[in-house]
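Comments concern the structure below.
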Amino acid sequence: MKKRNIIIISTVSIILLIIVAVFAFLNAGNVREKKNLEESKTISIKSGGIEIRKIDMEFIKSAGEKDFSAIMDTSDSEPQEHYYTGVPLKNALQKAGVDIGDYKMFSVKAIDGYVVAFNKEEIADDDNIYIVYKENGKDLGTKSSGGRGPYQVIVRKDQFSMRWCKYVVEIELSK
């Protein structure tokens with residue numbers, strides 16, 4: 001009985017190790033892609049997992065740069081007003097040729113795996129969801145440099161800042 005248990009445990013362990021190795025291999029390309037996007041300050045716009053457009057800092061700024069304030073309220077700090085420079089997300093998407101009405105969901109993805117989803121009504125809402133690149137006049141920096149960028153999505157109408165997303169590198173469009 002003992003020998004049989006050892007064989008079963010060993011077999012299960014080997015299978016789990018193989019599964020972990022396969023997923024690590026498959027994820028390695030995704031990590032490299034996101035790292036490249038962060039370093040080039042580029043956001044990939046995808047639909048159905050297929051990239052339809054890449055947008056960079058100059059492109060985003062040309063979609064209607066705006067300065068605004070928003071209240072950041074985190075679980076470990078008091079609410080504080082911050083000043084940002086960015087562009088309404090809907091403007092950047094529209095300039096990239098995305099018809100917001102054609103999609104139901106917009107998933108904003110970060111380099112660290114964090115994802116925030118918005119419906120088309122939230123995206124279309126004026127003065128609500130911004131893609132920002134400066135806070136108080138300074139670039140956000142990158143995750144690897146200790147910053148929160150190069151891009152961060154700010155939801156001005158989110159009372160507790162729970163749907164803000166830093167380190168943005170991808171936007172997935174879903175029909």
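Naming works like this for the structure tokens: A, B, ... for the chains as they're shown, residue 1 at the start of each chain, ligands 1 onward in shown order.
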
Find the residues near region 48-62 of chain A: any atom within 8 Å, counting only C-alpha atoms, skip ones fewer than 4 places away on the same chain, and give them as a JSON list (two decimals) with N, CA and C atoms, in the first residue's frame.
[["chain", "number", "residue", "atom", "x", "y", "z"],
["A", 40, "SER", "N", 8.30, 50.87, -24.71],
["A", 40, "SER", "CA", 8.06, 51.75, -25.87],
["A", 40, "SER", "C", 6.92, 52.74, -25.63],
["A", 41, "LYS", "N", 6.33, 52.69, -24.43],
["A", 41, "LYS", "CA", 5.21, 53.56, -24.07],
["A", 41, "LYS", "C", 4.10, 53.45, -25.11],
["A", 42, "THR", "N", 3.74, 52.21, -25.39],
["A", 42, "THR", "CA", 2.74, 51.89, -26.40],
["A", 42, "THR", "C", 1.62, 51.09, -25.77],
["A", 43, "ILE", "N", 0.40, 51.32, -26.25],
["A", 43, "ILE", "CA", -0.76, 50.54, -25.82],
["A", 43, "ILE", "C", -1.26, 49.75, -27.02],
["A", 44, "SER", "N", -1.46, 48.47, -26.82],
["A", 44, "SER", "CA", -1.99, 47.60, -27.86],
["A", 44, "SER", "C", -3.51, 47.55, -27.73],
["A", 86, "GLY", "N", -4.07, 64.07, -19.31],
["A", 86, "GLY", "CA", -4.42, 62.89, -20.07],
["A", 86, "GLY", "C", -5.46, 63.21, -21.12],
["A", 87, "VAL", "N", -6.08, 62.14, -21.59],
["A", 87, "VAL", "CA", -7.04, 62.23, -22.68],
["A", 87, "VAL", "C", -8.24, 61.36, -22.33],
["A", 92, "ALA", "N", -9.29, 58.73, -27.48],
["A", 92, "ALA", "CA", -8.16, 57.96, -28.00],
["A", 92, "ALA", "C", -8.66, 56.77, -28.82],
["A", 96, "ALA", "N", -8.33, 56.16, -32.89],
["A", 96, "ALA", "CA", -7.71, 54.92, -33.37],
["A", 96, "ALA", "C", -8.63, 54.15, -34.31],
["A", 172, "GLU", "N", -8.54, 45.49, -24.54],
["A", 172, "GLU", "CA", -9.22, 44.42, -25.28],
["A", 172, "GLU", "C", -10.66, 44.82, -25.50],
["A", 173, "LEU", "N", -11.10, 44.80, -26.76],
["A", 173, "LEU", "CA", -12.46, 45.15, -27.13],
["A", 173, "LEU", "C", -13.27, 43.87, -27.30],
["A", 174, "SER", "N", -14.47, 43.82, -26.72],
["A", 174, "SER", "CA", -15.31, 42.60, -26.81],
["A", 174, "SER", "C", -16.68, 42.97, -27.34]]

Write out as a PyMOL selection string all residues of region 108-153 of chain A that backbone DSSP assigns to strand (DSSP E).
chain A and resi 108-110+115-119+129-135+138-139+152-153

Write the residues of the preceding selection, restricted to N, CA, C and O atoms, as a short mmCIF file (atom, residue, chain, number, x, y, z; two decimals), in the first residue's frame.
data_model
loop_
_atom_site.label_atom_id
_atom_site.label_comp_id
_atom_site.auth_asym_id
_atom_site.auth_seq_id
_atom_site.Cartn_x
_atom_site.Cartn_y
_atom_site.Cartn_z
N VAL A 108 -9.33 47.01 -19.84
CA VAL A 108 -8.04 47.68 -19.76
C VAL A 108 -7.13 46.78 -18.96
O VAL A 108 -7.44 46.41 -17.83
N LYS A 109 -5.97 46.43 -19.56
CA LYS A 109 -5.07 45.47 -18.94
C LYS A 109 -3.74 46.12 -18.59
O LYS A 109 -3.20 46.92 -19.36
N ALA A 110 -3.22 45.73 -17.44
CA ALA A 110 -1.96 46.28 -16.94
C ALA A 110 -0.83 45.27 -17.10
O ALA A 110 -1.06 44.06 -17.23
N VAL A 115 -6.78 43.80 -14.42
CA VAL A 115 -7.71 44.11 -15.51
C VAL A 115 -8.92 44.83 -14.94
O VAL A 115 -9.45 44.43 -13.90
N VAL A 116 -9.35 45.88 -15.63
CA VAL A 116 -10.58 46.59 -15.28
C VAL A 116 -11.45 46.61 -16.53
O VAL A 116 -10.97 46.94 -17.62
N ALA A 117 -12.72 46.25 -16.36
CA ALA A 117 -13.63 46.23 -17.51
C ALA A 117 -14.64 47.37 -17.41
O ALA A 117 -15.13 47.69 -16.33
N PHE A 118 -14.92 47.97 -18.55
CA PHE A 118 -15.90 49.04 -18.65
C PHE A 118 -16.89 48.68 -19.76
O PHE A 118 -16.51 48.11 -20.78
N ASN A 119 -18.15 49.06 -19.57
CA ASN A 119 -19.11 48.87 -20.65
C ASN A 119 -19.10 50.10 -21.56
O ASN A 119 -18.50 51.12 -21.23
N ILE A 129 -13.77 58.64 -17.92
CA ILE A 129 -12.63 57.72 -17.97
C ILE A 129 -11.52 58.34 -18.82
O ILE A 129 -11.72 58.66 -19.99
N TYR A 130 -10.36 58.49 -18.20
CA TYR A 130 -9.21 59.11 -18.85
C TYR A 130 -8.03 58.16 -18.87
O TYR A 130 -7.83 57.36 -17.95
N ILE A 131 -7.23 58.29 -19.91
CA ILE A 131 -5.93 57.64 -19.93
C ILE A 131 -4.92 58.75 -19.67
O ILE A 131 -4.85 59.72 -20.43
N VAL A 132 -4.21 58.64 -18.55
CA VAL A 132 -3.32 59.72 -18.14
C VAL A 132 -1.86 59.29 -18.23
O VAL A 132 -1.55 58.10 -18.19
N TYR A 133 -0.99 60.30 -18.33
CA TYR A 133 0.45 60.05 -18.42
C TYR A 133 1.25 61.02 -17.57
O TYR A 133 2.46 60.90 -17.47
N LYS A 134 0.57 61.96 -16.93
CA LYS A 134 1.24 62.89 -16.02
C LYS A 134 0.40 63.08 -14.77
O LYS A 134 -0.83 63.12 -14.84
N GLU A 135 1.09 63.21 -13.65
CA GLU A 135 0.46 63.57 -12.39
C GLU A 135 1.22 64.75 -11.82
O GLU A 135 2.45 64.71 -11.71
N LYS A 138 4.28 65.83 -13.79
CA LYS A 138 5.41 64.92 -13.98
C LYS A 138 4.94 63.61 -14.61
O LYS A 138 3.86 63.12 -14.30
N ASP A 139 5.79 63.06 -15.50
CA ASP A 139 5.47 61.77 -16.10
C ASP A 139 5.24 60.73 -15.01
O ASP A 139 5.87 60.78 -13.95
N GLN A 152 -1.96 55.38 -16.98
CA GLN A 152 -2.89 54.95 -15.93
C GLN A 152 -4.29 55.37 -16.36
O GLN A 152 -4.47 56.45 -16.92
N VAL A 153 -5.24 54.50 -16.13
CA VAL A 153 -6.63 54.86 -16.40
C VAL A 153 -7.24 55.37 -15.10
O VAL A 153 -7.15 54.72 -14.06
#

For Asp67 (chain A), which residue out of A:Ile171, A:Lys46, A:Gln159, A:Gly137 is the nearest one, using only C-alpha atoms?
A:Gly137

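Neighbouring residues of Glu78 (chain A) at 12 Å or closer, counting only C-alpha atoms and skipping chain neighbours under 5 positions away, are Ile71, Met72, Asp73, Phe160 and Ser161 of chain A.
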
Run DSSP on the backbone and give me the residues of region 20-173 of chain A it puts in alpha helix (DSSP H), as a PyMOL selection string.
chain A and resi 20-40+57-61+89-95+120-124

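The space separating CA of Ala63 (chain A) from CA of Asp125 (chain A) comes to 16.1 Å.
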
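When only C-alpha atoms are used to measure the gap to Tyr103 (chain A), the shortest distance among A:Tyr167, A:Ile8, A:Ser47, A:Pro79 belongs to A:Ser47.
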